[in-house]
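Printed here is my_file14.txt (compact mmCIF, C-alpha atoms and all ligand atoms):
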```
# COMPACT_ATOMS: atom_id res chain seq x y z
CA MET O 155 10.48 12.81 -38.99
CA LYS O 156 8.37 9.64 -38.65
CA SER O 157 4.78 10.23 -39.79
CA PHE O 158 1.60 8.13 -39.32
CA ASP O 159 -2.16 8.41 -39.81
CA VAL O 160 -2.78 7.57 -36.15
CA ALA O 161 -0.53 7.82 -33.08
CA ILE O 162 -1.73 5.97 -30.00
CA ILE O 163 -0.18 7.09 -26.73
CA GLY O 164 0.00 4.21 -24.23
CA SER O 165 0.13 0.44 -24.70
CA GLY O 166 -2.40 -0.62 -22.04
CA PRO O 167 -5.50 -2.62 -23.01
CA ALA O 168 -7.17 0.55 -24.37
CA GLY O 169 -4.31 1.69 -26.61
CA ALA O 170 -3.23 -1.78 -27.67
CA SER O 171 -6.82 -2.80 -28.56
CA ALA O 172 -7.29 0.37 -30.59
CA ALA O 173 -4.02 -0.43 -32.39
CA PHE O 174 -5.07 -4.01 -33.14
CA GLU O 175 -8.49 -2.92 -34.48
CA LEU O 176 -6.91 -0.20 -36.66
CA SER O 177 -4.25 -2.59 -37.90
CA LYS O 178 -6.93 -4.54 -39.79
CA SER O 179 -7.73 -1.52 -41.96
CA GLY O 180 -4.43 -0.64 -43.64
CA ILE O 181 -4.21 2.72 -41.82
CA SER O 182 -0.67 3.50 -40.63
CA VAL O 183 -0.49 3.33 -36.84
CA VAL O 184 2.17 3.85 -34.19
CA ILE O 185 1.99 3.09 -30.47
CA ILE O 186 4.10 5.47 -28.39
CA GLU O 187 4.88 4.05 -24.92
CA LYS O 188 7.08 5.57 -22.21
CA GLU O 189 8.10 2.22 -20.69
CA ILE O 190 10.01 -0.71 -22.18
CA LEU O 191 7.64 -3.63 -22.80
CA PRO O 192 6.60 -5.86 -21.18
CA ARG O 193 6.11 -3.45 -18.26
CA TYR O 194 4.55 -3.98 -14.83
CA LYS O 195 1.14 -2.32 -14.33
CA THR O 196 -0.46 -1.92 -10.92
CA CYS O 197 -3.65 -3.94 -11.28
CA GLY O 198 -5.44 -6.89 -9.68
CA GLY O 199 -5.28 -8.48 -13.13
CA GLY O 200 -8.83 -9.81 -12.85
CA LEU O 201 -10.19 -9.94 -16.39
CA VAL O 202 -13.94 -10.48 -16.23
CA TYR O 203 -15.60 -12.59 -18.90
CA ARG O 204 -17.18 -9.65 -20.77
CA GLY O 205 -13.62 -8.39 -21.37
CA ARG O 206 -12.25 -11.79 -22.23
CA LYS O 207 -14.98 -12.60 -24.73
CA SER O 208 -14.46 -9.26 -26.47
CA MET O 209 -10.84 -10.17 -27.26
CA PRO O 210 -10.36 -10.77 -31.00
CA PHE O 211 -7.84 -13.61 -30.44
CA ASP O 212 -7.10 -16.37 -27.97
CA ILE O 213 -5.43 -15.12 -24.79
CA SER O 214 -5.10 -18.44 -22.95
CA SER O 215 -1.28 -18.27 -23.13
CA VAL O 216 -1.30 -15.36 -20.64
CA VAL O 217 -4.11 -16.56 -18.37
CA GLU O 218 -2.63 -17.71 -15.04
CA LYS O 219 -5.84 -19.09 -13.54
CA GLU O 220 -9.53 -19.22 -14.40
CA PHE O 221 -12.38 -19.02 -11.91
CA PHE O 222 -15.87 -20.27 -12.65
CA GLU O 223 -17.05 -19.30 -9.17
CA ILE O 224 -16.71 -16.13 -7.10
CA ASP O 225 -17.30 -15.56 -3.39
CA THR O 226 -18.65 -12.26 -2.13
CA TYR O 227 -18.43 -11.62 1.61
CA PHE O 228 -20.54 -8.97 3.31
CA SER O 229 -18.40 -8.74 6.42
CA LYS O 230 -20.71 -6.58 8.52
CA ILE O 231 -23.60 -9.06 8.29
CA ASN O 232 -21.56 -12.24 8.24
CA THR O 233 -22.89 -13.31 4.88
CA LYS O 234 -21.09 -15.12 2.07
CA ILE O 235 -22.62 -15.55 -1.36
CA THR O 236 -21.17 -17.75 -4.08
CA THR O 237 -22.09 -17.42 -7.73
CA SER O 238 -20.98 -19.79 -10.46
CA ARG O 239 -21.10 -19.92 -14.24
CA GLU O 240 -20.09 -22.34 -16.99
CA GLU O 241 -17.59 -19.88 -18.50
CA PRO O 242 -14.76 -18.35 -16.44
CA ILE O 243 -16.24 -15.37 -14.58
CA ILE O 244 -12.75 -14.04 -13.93
CA SER O 245 -9.51 -14.93 -15.70
CA MET O 246 -6.35 -13.97 -13.87
CA VAL O 247 -3.62 -12.26 -15.86
CA MET O 248 -0.44 -10.40 -15.05
CA ARG O 249 -0.72 -7.16 -16.92
CA ASP O 250 2.81 -7.11 -18.31
CA ALA O 251 2.13 -10.32 -20.24
CA PHE O 252 -1.50 -9.56 -21.13
CA ASP O 253 -0.91 -6.03 -22.46
CA ASN O 254 2.22 -7.13 -24.30
CA LEU O 255 0.30 -9.93 -26.05
CA ILE O 256 -2.13 -7.41 -27.57
CA VAL O 257 0.74 -5.17 -28.67
CA GLU O 258 2.53 -8.13 -30.28
CA LYS O 259 -0.64 -9.09 -32.18
CA ALA O 260 -0.97 -5.48 -33.42
CA LYS O 261 2.70 -5.48 -34.45
CA GLU O 262 2.18 -8.69 -36.43
CA ASN O 263 -0.40 -6.70 -38.45
CA GLY O 264 2.06 -3.88 -39.15
CA VAL O 265 1.61 -1.48 -36.22
CA ALA O 266 4.84 0.34 -35.27
CA LEU O 267 5.92 0.50 -31.63
CA LEU O 268 8.06 3.26 -30.19
CA GLN O 269 8.79 2.14 -26.64
CA ASN O 270 10.85 4.09 -24.10
CA HIS O 271 9.33 7.20 -25.74
CA LYS O 272 7.68 9.47 -23.18
CA VAL O 273 5.26 12.01 -24.64
CA LEU O 274 6.21 15.45 -23.33
CA ASP O 275 4.22 17.88 -25.44
CA ILE O 276 2.15 18.21 -28.61
CA THR O 277 2.04 20.93 -31.25
CA PHE O 278 -1.50 20.88 -32.60
CA GLY O 279 -2.44 21.41 -36.25
CA ASP O 280 -3.89 19.54 -39.24
CA ILE O 281 -0.92 17.29 -38.77
CA GLN O 282 0.00 17.01 -35.09
CA THR O 283 3.60 16.92 -33.90
CA ILE O 284 4.13 14.79 -30.81
CA HIS O 285 7.26 15.69 -28.89
CA THR O 286 8.69 12.68 -27.07
CA SER O 287 11.77 12.10 -24.94
CA GLU O 288 13.34 10.44 -28.00
CA GLY O 289 12.35 12.92 -30.71
CA ASP O 290 9.28 14.06 -32.65
CA VAL O 291 6.60 11.98 -34.34
CA GLN O 292 3.83 13.26 -36.64
CA ALA O 293 0.27 11.99 -36.96
CA LYS O 294 -3.12 13.22 -38.08
CA PHE O 295 -5.05 11.54 -35.25
CA ILE O 296 -3.95 11.11 -31.64
CA ILE O 297 -5.57 8.50 -29.41
CA ALA O 298 -4.82 9.01 -25.71
CA GLY O 299 -4.67 5.61 -24.02
CA ASP O 300 -2.20 6.94 -21.48
CA GLY O 301 -4.06 5.84 -18.38
CA ALA O 302 -5.41 7.43 -15.22
CA LEU O 303 -2.95 10.33 -15.07
CA SER O 304 -3.32 11.05 -18.79
CA PRO O 305 -0.68 13.69 -19.43
CA VAL O 306 -1.96 13.86 -23.03
CA ALA O 307 -5.46 14.94 -21.90
CA LYS O 308 -3.83 17.71 -19.84
CA ILE O 309 -1.68 18.83 -22.78
CA ALA O 310 -4.77 18.88 -25.01
CA GLY O 311 -6.57 21.19 -22.58
CA TRP O 312 -8.88 18.97 -20.52
CA GLU O 313 -9.67 20.08 -16.95
CA GLU O 314 -10.21 17.23 -14.49
CA SER O 315 -13.86 16.10 -14.30
CA ARG O 316 -13.48 12.36 -13.56
CA THR O 317 -13.98 10.87 -10.09
CA ILE O 318 -10.63 9.38 -9.18
CA ILE O 319 -10.31 6.86 -6.35
CA PRO O 320 -7.24 5.44 -4.60
CA ALA O 321 -6.46 1.73 -4.68
CA LEU O 322 -3.70 -0.29 -3.13
CA GLU O 323 -2.52 -3.62 -4.39
CA TYR O 324 0.03 -6.10 -3.06
CA GLU O 325 1.65 -9.00 -4.89
CA VAL O 326 1.96 -11.43 -1.98
CA GLU O 327 3.77 -14.73 -1.51
CA VAL O 328 2.48 -16.84 1.38
CA PRO O 329 3.38 -20.28 2.76
CA GLN O 330 2.26 -23.24 0.62
CA THR O 331 -0.63 -24.28 2.94
CA ASP O 332 -2.11 -20.76 2.88
CA PHE O 333 -1.62 -20.54 -0.89
CA GLU O 334 -3.40 -23.85 -1.47
CA ARG O 335 -6.31 -22.76 0.71
CA LEU O 336 -6.67 -19.27 -0.77
CA SER O 337 -5.91 -20.07 -4.40
CA LYS O 338 -9.04 -22.18 -4.81
CA ASN O 339 -11.39 -19.18 -4.85
CA VAL O 340 -11.66 -15.59 -5.94
CA ARG O 341 -13.10 -13.47 -3.19
CA PHE O 342 -14.44 -9.96 -2.75
CA ASP O 343 -14.90 -8.55 0.75
CA ILE O 344 -17.40 -5.72 0.84
CA ASP O 345 -16.88 -3.11 3.62
CA ILE O 346 -13.44 -4.46 4.56
CA VAL O 347 -12.49 -0.82 4.03
CA PRO O 348 -14.98 2.07 4.50
CA ASN O 349 -16.99 2.74 1.30
CA GLY O 350 -15.10 0.12 -0.61
CA TYR O 351 -14.03 -3.47 -0.83
CA GLY O 352 -11.06 -5.81 -0.78
CA TRP O 353 -10.12 -8.59 -3.18
CA CYS O 354 -7.96 -11.67 -3.09
CA PHE O 355 -7.02 -12.78 -6.62
CA PRO O 356 -4.93 -15.97 -6.87
CA LYS O 357 -2.26 -15.98 -9.58
CA LYS O 358 -0.05 -18.89 -10.64
CA ASN O 359 2.33 -18.70 -7.66
CA HIS O 360 1.16 -15.78 -5.57
CA LEU O 361 -1.87 -13.76 -4.47
CA SER O 362 -2.84 -10.28 -5.65
CA ILE O 363 -4.50 -8.74 -2.63
CA GLY O 364 -5.91 -5.25 -2.77
CA LEU O 365 -8.27 -2.63 -1.43
CA GLY O 366 -10.16 0.17 -3.14
CA ILE O 367 -12.22 3.03 -1.75
CA ILE O 368 -15.03 3.43 -4.24
CA ILE O 369 -16.74 6.45 -2.66
CA LYS O 370 -14.29 8.96 -1.27
CA THR O 371 -15.00 10.51 2.13
CA LYS O 372 -13.55 13.56 3.87
CA GLN O 373 -12.14 11.25 6.54
CA LYS O 374 -8.61 10.05 5.71
CA ILE O 375 -8.44 6.28 5.35
CA ASP O 376 -5.22 4.43 6.05
CA LEU O 377 -5.31 1.75 3.34
CA LYS O 378 -2.11 0.09 4.61
CA LYS O 379 -3.66 -0.42 8.05
CA HIS O 380 -6.78 -1.91 6.47
CA TYR O 381 -4.60 -4.18 4.33
CA LYS O 382 -2.90 -5.58 7.46
CA GLU O 383 -6.34 -6.25 8.97
CA TYR O 384 -7.50 -7.85 5.72
CA LEU O 385 -4.58 -10.29 5.86
CA LYS O 386 -5.93 -11.44 9.24
CA VAL O 387 -9.43 -11.86 7.78
CA LEU O 388 -7.89 -14.03 5.06
CA GLY O 389 -6.15 -16.09 7.74
CA ILE O 390 -2.65 -15.19 6.52
CA SER O 391 -0.29 -15.22 9.47
CA GLU O 392 2.98 -15.17 7.57
CA VAL O 393 3.97 -13.23 4.46
CA LEU O 394 7.05 -14.59 2.68
CA ASN O 395 7.34 -11.71 0.27
CA GLU O 396 5.20 -8.74 -0.68
CA GLU O 397 5.40 -5.86 -3.12
CA ALA O 398 3.12 -2.89 -2.51
CA HIS O 399 1.76 -0.81 -5.39
CA GLY O 400 -0.58 2.13 -4.92
CA PHE O 401 -2.31 3.91 -7.76
CA VAL O 402 -5.60 5.53 -8.75
CA ILE O 403 -8.61 4.51 -10.84
CA PRO O 404 -10.96 6.99 -12.57
CA ILE O 405 -14.48 5.64 -12.06
CA SER O 406 -16.66 8.24 -13.71
CA PRO O 407 -16.44 9.55 -17.26
CA ARG O 408 -15.32 13.03 -18.14
CA THR O 409 -18.29 15.38 -18.20
CA ASP O 410 -17.31 17.63 -21.10
CA THR O 411 -16.12 15.78 -24.19
CA PHE O 412 -13.98 12.84 -25.27
CA VAL O 413 -12.47 14.49 -28.35
CA ARG O 414 -10.63 17.79 -28.55
CA ASN O 415 -7.92 19.08 -30.91
CA ASN O 416 -8.21 15.78 -32.80
CA VAL O 417 -7.17 13.94 -29.60
CA PHE O 418 -9.49 11.03 -28.71
CA LEU O 419 -9.65 9.75 -25.12
CA ILE O 420 -10.09 6.05 -24.34
CA GLY O 421 -9.88 3.77 -21.27
CA ASP O 422 -8.81 5.36 -17.99
CA SER O 423 -7.88 8.65 -19.62
CA ALA O 424 -11.60 9.03 -20.44
CA GLY O 425 -12.78 7.66 -17.07
CA PHE O 426 -14.39 4.47 -18.36
CA ALA O 427 -13.74 1.99 -15.51
CA ASP O 428 -16.83 0.37 -14.00
CA PRO O 429 -18.08 2.69 -11.20
CA VAL O 430 -19.31 -0.13 -8.92
CA VAL O 431 -16.21 -2.36 -8.82
CA ALA O 432 -13.56 -0.20 -10.57
CA GLU O 433 -12.94 -2.96 -13.11
CA GLY O 434 -11.33 -1.08 -15.98
CA ILE O 435 -9.83 -3.55 -18.44
CA SER O 436 -13.09 -4.47 -20.24
CA ASN O 437 -14.21 -0.93 -20.96
CA ALA O 438 -10.65 0.03 -21.91
CA ILE O 439 -10.80 -2.66 -24.62
CA VAL O 440 -14.31 -1.65 -25.73
CA SER O 441 -13.46 2.05 -26.00
CA GLY O 442 -10.24 1.25 -27.89
CA VAL O 443 -12.23 -0.71 -30.45
CA LEU O 444 -14.92 2.00 -30.71
CA VAL O 445 -12.43 4.77 -31.40
CA ALA O 446 -10.67 2.65 -34.03
CA LYS O 447 -13.97 1.87 -35.78
CA SER O 448 -14.92 5.57 -35.71
CA ILE O 449 -11.66 6.62 -37.38
CA VAL O 450 -11.91 3.88 -40.01
CA GLU O 451 -15.58 4.58 -40.78
CA SER O 452 -14.87 8.32 -41.08
CA LYS O 453 -12.29 7.59 -43.81
CA LEU O 454 -9.82 9.70 -41.78
CA ASP O 455 -12.15 12.72 -41.59
CA SER O 456 -11.50 14.35 -38.19
CA ILE O 457 -14.92 15.94 -37.66
CA ARG O 458 -16.82 12.83 -38.72
CA ALA O 459 -14.58 10.58 -36.62
CA ALA O 460 -15.33 12.66 -33.50
CA GLU O 461 -19.09 12.54 -34.21
CA LEU O 462 -18.98 8.79 -34.74
CA TYR O 463 -16.98 8.19 -31.56
CA HIS O 464 -19.43 10.17 -29.41
CA GLU O 465 -22.39 8.39 -31.07
CA LYS O 466 -20.88 4.96 -30.46
CA LEU O 467 -20.12 5.78 -26.82
CA GLU O 468 -23.71 6.94 -26.28
CA GLN O 469 -25.08 3.72 -27.78
CA GLY O 470 -24.04 1.59 -24.79
CA LEU O 471 -20.92 2.30 -22.82
CA LEU O 472 -21.75 5.76 -21.46
CA PRO O 473 -25.38 5.16 -20.40
CA GLU O 474 -24.24 1.99 -18.61
CA ILE O 475 -21.42 3.76 -16.77
CA ARG O 476 -23.67 6.68 -15.80
CA THR O 477 -26.18 4.25 -14.27
CA GLY O 478 -23.29 2.50 -12.52
CA VAL O 479 -22.23 5.82 -10.94
CA VAL O 480 -25.64 6.16 -9.26
CA LEU O 481 -25.86 2.49 -8.24
CA SER O 482 -22.41 2.63 -6.74
CA LYS O 483 -23.52 5.47 -4.40
CA TYR O 484 -26.52 3.41 -3.24
CA PHE O 485 -24.33 0.36 -2.77
CA TYR O 486 -21.53 1.88 -0.69
CA GLN O 487 -23.15 4.88 0.99
CA SER O 488 -26.58 3.51 1.94
CA ARG O 489 -24.91 0.73 3.83
CA ARG O 490 -27.81 -0.24 6.10
CA LEU O 491 -30.19 -0.45 3.19
CA ARG O 492 -27.60 -2.36 1.15
CA ASN O 493 -27.09 -4.85 3.96
CA LEU O 494 -30.85 -5.31 4.31
CA PHE O 495 -30.90 -6.04 0.58
CA ALA O 496 -27.91 -8.37 0.85
CA LYS O 497 -29.64 -10.36 3.62
CA LYS O 498 -32.88 -10.65 1.74
CA PHE O 499 -31.81 -10.63 -1.90
CA GLY O 500 -28.08 -11.40 -1.61
CA ASN O 501 -28.23 -14.14 -4.23
CA HIS O 502 -30.15 -11.93 -6.62
CA LEU O 503 -27.68 -9.05 -6.08
CA SER O 504 -24.57 -11.19 -6.57
CA ASN O 505 -26.04 -12.99 -9.57
CA ALA O 506 -26.96 -9.68 -11.19
CA MET O 507 -23.38 -8.42 -10.70
CA THR O 508 -22.02 -11.71 -12.06
CA ASP O 509 -24.25 -11.29 -15.13
CA VAL O 510 -22.68 -7.85 -15.64
CA PHE O 511 -19.20 -9.44 -15.35
CA MET O 512 -20.26 -12.05 -17.91
CA GLY O 513 -21.51 -9.38 -20.32
CA GLU O 514 -25.00 -10.88 -20.19
CA ARG O 515 -26.69 -7.76 -18.90
CA THR O 516 -25.89 -4.13 -18.12
CA TYR O 517 -26.95 -2.08 -15.12
CA PRO O 518 -30.75 -1.61 -15.20
CA LYS O 519 -31.79 1.66 -16.82
CA ASP O 520 -34.94 1.71 -14.66
CA TYR O 521 -32.84 1.32 -11.51
CA LYS O 522 -34.95 3.81 -9.49
CA ALA O 523 -38.16 1.83 -9.96
CA SER O 524 -36.32 -1.41 -9.39
CA ILE O 525 -34.75 -0.16 -6.12
CA ARG O 526 -38.11 1.20 -4.87
CA ARG O 527 -39.74 -2.17 -5.61
CA ARG O 528 -37.01 -4.10 -3.79
CA ILE O 529 -37.15 -1.75 -0.76
CA LYS O 530 -40.88 -2.43 -0.44
CA GLU O 531 -40.29 -6.17 -0.72
CA ALA O 532 -37.46 -6.05 1.84
CA ILE O 533 -39.48 -4.08 4.40
CA PHE O 534 -42.87 -5.74 4.08
C1 LIG K 601 -4.74 -1.25 -7.68
C2 LIG K 601 -5.55 -1.45 -8.95
C3 LIG K 601 -6.17 -2.67 -9.18
C4 LIG K 601 -6.93 -2.85 -10.34
N1 LIG K 601 -7.48 -4.09 -10.58
C5 LIG K 601 -8.20 -4.30 -11.70
C6 LIG K 601 -8.70 -5.59 -12.00
O1 LIG K 601 -8.47 -6.57 -11.28
N2 LIG K 601 -9.44 -5.75 -13.14
C7 LIG K 601 -9.68 -4.69 -13.98
O2 LIG K 601 -10.39 -4.89 -14.99
N3 LIG K 601 -9.19 -3.46 -13.73
C8 LIG K 601 -8.44 -3.23 -12.64
N4 LIG K 601 -7.89 -2.00 -12.41
C9 LIG K 601 -8.12 -0.92 -13.39
C10 LIG K 601 -7.26 -1.12 -14.63
O3 LIG K 601 -5.93 -1.34 -14.24
C11 LIG K 601 -7.35 0.10 -15.55
O4 LIG K 601 -8.68 0.51 -15.68
C12 LIG K 601 -6.77 -0.23 -16.94
O5 LIG K 601 -5.40 -0.53 -16.86
C13 LIG K 601 -6.98 0.94 -17.91
O6 LIG K 601 -6.31 0.65 -19.11
P1 LIG K 601 -5.73 1.82 -20.05
O7 LIG K 601 -5.24 1.13 -21.27
O8 LIG K 601 -6.71 2.90 -20.17
O9 LIG K 601 -4.51 2.45 -19.23
P2 LIG K 601 -3.19 1.76 -18.64
O10 LIG K 601 -3.34 0.32 -18.55
O11 LIG K 601 -2.86 2.53 -17.41
O12 LIG K 601 -2.08 2.07 -19.73
C14 LIG K 601 -1.57 3.37 -19.93
C15 LIG K 601 -0.22 3.29 -20.64
O13 LIG K 601 0.19 4.61 -21.02
C16 LIG K 601 1.56 4.74 -20.79
N5 LIG K 601 1.87 6.18 -20.63
C17 LIG K 601 1.47 7.00 -19.64
N6 LIG K 601 1.99 8.24 -19.80
C18 LIG K 601 2.68 8.21 -20.96
C19 LIG K 601 3.45 9.19 -21.68
N7 LIG K 601 3.60 10.44 -21.24
N8 LIG K 601 4.05 8.81 -22.84
C20 LIG K 601 3.91 7.54 -23.31
N9 LIG K 601 3.22 6.58 -22.66
C21 LIG K 601 2.61 6.89 -21.50
C22 LIG K 601 1.79 3.93 -19.51
O14 LIG K 601 3.13 3.56 -19.33
C23 LIG K 601 0.87 2.72 -19.76
O15 LIG K 601 1.54 1.67 -20.41
C24 LIG K 601 -7.09 -1.80 -11.27
C25 LIG K 601 -6.43 -0.58 -11.05
C26 LIG K 601 -5.66 -0.40 -9.91
C27 LIG K 601 -4.95 0.91 -9.70
```

This entry written out as structure tokens:
Amino acid sequence: MKSFDVAIIGSGPAGASAAFELSKSGISVVIIEKEILPRYKTCGGGLVYRGRKSMPFDISSVVEKEFFEIDTYFSKINTKITTSREEPIISMVMRDAFDNLIVEKAKENGVALLQNHKVLDITFGDIQTIHTSEGDVQAKFIIAGDGALSPVAKIAGWEESRTIIPALEYEVEVPQTDFERLSKNVRFDIDIVPNGYGWCFPKKNHLSIGLGIIIKTKQKIDLKKHYKEYLKVLGISEVLNEEAHGFVIPISPRTDTFVRNNVFLIGDSAGFADPVVAEGISNAIVSGVLVAKSIVESKLDSIRAAELYHEKLEQGLLPEIRTGVVLSKYFYQSRRLRNLFAKKFGNHLSNAMTDVFMGERTYPKDYKASIRRRIKEAIF
């Protein structure tokens, strides 16, 4: 039976980044992936600058377009705000190519890849036996980078405690004149769907257009209907070709633990996507690197590795996400207040969000005082 120090389940940005970081240490690592790579992943493919600058190697070969400016539309108050920066705020990637690049870099450093291997079950012990569709693999550590549905977290005994939201994304081909017009800018449309937003992300030859409901309501929302209406807002009268992909994004972290039975959760399986915009690639990369560093620093000691991982998460990522969870409720649910803010401080709001995208600031820890101050300023 094949045996490794660390088995990483899933080759998304979380798992592949963990593999690359571990590969620098001489520890034996395998990535176990159910698909054959490169594989399609439902995603807008918008890599914000904080994610891009955290990459340990150049990714320009898989970047389809770069945007130094973003437009945010507040449709209910007819307001458009543009922010710009000197570095690309958003780089557009197709996830098959982007994820595969990280895996290839890890492989160059000696990481093994078992693709077309679906993890079905695990027998836990000092050495864990991972049962896959193509046979068993043994490893001391398991890193679950197996995405939003995370079968591995379920097998390891986690109950669901993440907030999981639906999102719909279309890869759309439009006539050349529409493509030229729409491919010049990245745009976000707040409130184009109740409690959520829409995006139009230009790729090399097509548009990725999507909608996400950030705060779930009891009322059922027909995302397909809202997508059709969004096409009209974008001025698209003819669609030459479209592929629809629906999936989910976990936008709040698990509330119990991130390590159990020597299984470490990263990326979507842990619930690390940004709670305000559901951007998940950056934190997937960050958490992959943090878990790898924890295992290396522990010198392969399971208890110490778990302690280190929780400590590292608490040093930045988790407090930021927890603040984001609260801010996201203000932003989408207190719509009248938010629109008042957007009218009065729209530039400030959009620039602050852009700074978060750039990795130049995090969500304010004193957000309550800051919101109270702004409300006073907006009213008086
Ligand atoms: C519609 C939509 C649009 C989005 N747009 C953006 C965006 O523009 N920008 C952004 O930053 N984020 C976006 N996200 C979020 C982003 O896609 C995720 O947060 C990110 O992919 C998480 O990475 P991950 O590595 O944790 O998991 P994933 O990328 O989901 O990777 C998980 C991997 O595990 C594999 N796997 C699963 N089960 C098993 C198994 N049993 N055995 C073996 N392998 C398995 C899967 O095949 C997959 O390769 C979007 C999400 C959706 C749904």

Interatomic distance, atom CA of O:Leu472 to atom CA of O:Ser441 (Å, one decimal)
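Separation between atom CA of O:Leu472 and atom CA of O:Ser441: 10.2 Å.
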
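Distances to ligand LIG 601 (chain K) were evaluated for O:Ile449, O:Ile475, O:Ala460, O:Ala424 using all atoms listed in the file, and the minimum falls at O:Ala424.
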
Listing only residues of chain O within 7 Å of ligand LIG 601 (chain K), what is the closest atom pair and its distance in Å (to one decimal) for each, using only C-alpha atoms and all ligand atoms, sorted by chain and residue number ascending, as a tab-separated table?
```
residue	atom	partner	partner_atom	distance
O:Ile163	CA	K:LIG601	N9	5.3
O:Gly164	CA	K:LIG601	O13	3.2
O:Ser165	CA	K:LIG601	O15	4.7
O:Gly166	CA	K:LIG601	O7	3.4
O:Pro167	CA	K:LIG601	O7	4.1
O:Ala168	CA	K:LIG601	O7	3.7
O:Gly169	CA	K:LIG601	O7	5.4
O:Ile186	CA	K:LIG601	C20	5.5
O:Glu187	CA	K:LIG601	N9	3.8
O:Lys188	CA	K:LIG601	C20	3.9
O:Glu189	CA	K:LIG601	O14	5.3
O:Lys195	CA	K:LIG601	O10	6.7
O:Thr196	CA	K:LIG601	C1	5.4
O:Cys197	CA	K:LIG601	C3	3.5
O:Gly198	CA	K:LIG601	O1	3.4
O:Gly199	CA	K:LIG601	O1	4.2
O:Gly200	CA	K:LIG601	O1	3.6
O:Leu201	CA	K:LIG601	O2	5.2
O:Val202	CA	K:LIG601	O2	6.7
O:His271	CA	K:LIG601	C20	5.9
O:Lys272	CA	K:LIG601	N8	3.7
O:Val273	CA	K:LIG601	N8	3.9
O:Leu274	CA	K:LIG601	N7	6.0
O:Gly299	CA	K:LIG601	O8	5.1
O:Asp300	CA	K:LIG601	O13	3.4
O:Gly301	CA	K:LIG601	O9	3.5
O:Ala302	CA	K:LIG601	O11	5.9
O:Ser304	CA	K:LIG601	N6	6.1
O:Pro305	CA	K:LIG601	N7	5.7
O:Val306	CA	K:LIG601	N7	6.8
O:Ala321	CA	K:LIG601	C1	4.6
O:Leu322	CA	K:LIG601	C1	4.8
O:Glu323	CA	K:LIG601	C1	4.6
O:Gly364	CA	K:LIG601	C1	6.4
O:His399	CA	K:LIG601	C1	6.9
O:Gly400	CA	K:LIG601	C1	6.0
O:Phe401	CA	K:LIG601	C27	4.4
O:Val402	CA	K:LIG601	C27	4.8
O:Ile403	CA	K:LIG601	C27	5.3
O:Ile420	CA	K:LIG601	O8	6.2
O:Gly421	CA	K:LIG601	O8	3.5
O:Asp422	CA	K:LIG601	O8	3.9
O:Ser423	CA	K:LIG601	O8	5.9
O:Ala427	CA	K:LIG601	O4	5.3
O:Ala432	CA	K:LIG601	C9	6.2
O:Glu433	CA	K:LIG601	O2	3.7
O:Gly434	CA	K:LIG601	O4	3.1
O:Ile435	CA	K:LIG601	O2	3.7
O:Ser436	CA	K:LIG601	O2	5.9
O:Ala438	CA	K:LIG601	O8	5.2
```

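With all atoms listed in the file as the atoms that count, the residue of O:Thr233, O:Ser238, O:Thr317, O:Ser391 with the shortest distance to O:Arg408 is O:Thr317.
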
Expressed in Å to a single decimal, how great is the separation between atom CA of O:Asn254 and atom CA of O:Lys447?
21.8 Å

Nearby residues (only C-alpha atoms) at most 9 Å from stretch 219-228 of chain O, same-chain spacing under 3 positions excluded, as a VMD selection string:
chain O and resid 231 to 247 338 to 346 356 to 358 493 496 504 508

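Among the candidates O:Gln469, O:Ser315, O:Ser208, O:Gln282, the residue lying nearest to O:Ser406 is O:Ser315 (atoms considered: only C-alpha atoms).
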
Find the residue from O:Gln487, O:Thr283, O:Asn349, O:Ser179 that sits nearest to O:Ser448; use only C-alpha atoms when measuring.
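Of O:Gln487, O:Thr283, O:Asn349, O:Ser179, the one nearest O:Ser448 is O:Ser179, counting only C-alpha atoms.
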
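Closest approach to O:Ala293 from the set O:Lys374, O:Lys156, O:Arg490, O:Arg204 is made by O:Lys156, with distances taken over only C-alpha atoms.
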
Using only C-alpha atoms for the distances, tell me which of O:Gly311, O:Pro348, O:Gly389, O:Gly442 is nearest to O:Asp275.
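For O:Asp275, the nearest of the candidates is O:Gly311.
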
In the coordinate frame of the file, compute which residues have an atom within 12 Å of (-18.6, 6.6, -30.5) when using only C-alpha atoms, and state them as an MDAnalysis selection string.
chainID O and resid 411:413 418:420 440:452 458:472

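Computed from the coordinates, the atom CA of O:Val479 to atom CA of O:Asp253 distance equals 27.0 Å.
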
All file atoms of stretch 178-183 of chain O boxed axis-aligned, 6 Å per side, centre plus edges, as AutoDock Vina command-line options:
```
--center_x -4.1 --center_y -0.5 --center_z -40.2 --size_x 19.2 --size_y 20.0 --size_z 18.8
```

Which neighbours of O:Val184 fall inside 6 Å, counting only C-alpha atoms, when residues of the same chain fewer than 2 positions from it are skipped, and could you give them as an MDAnalysis selection string?
chainID O and resid 161 265:267
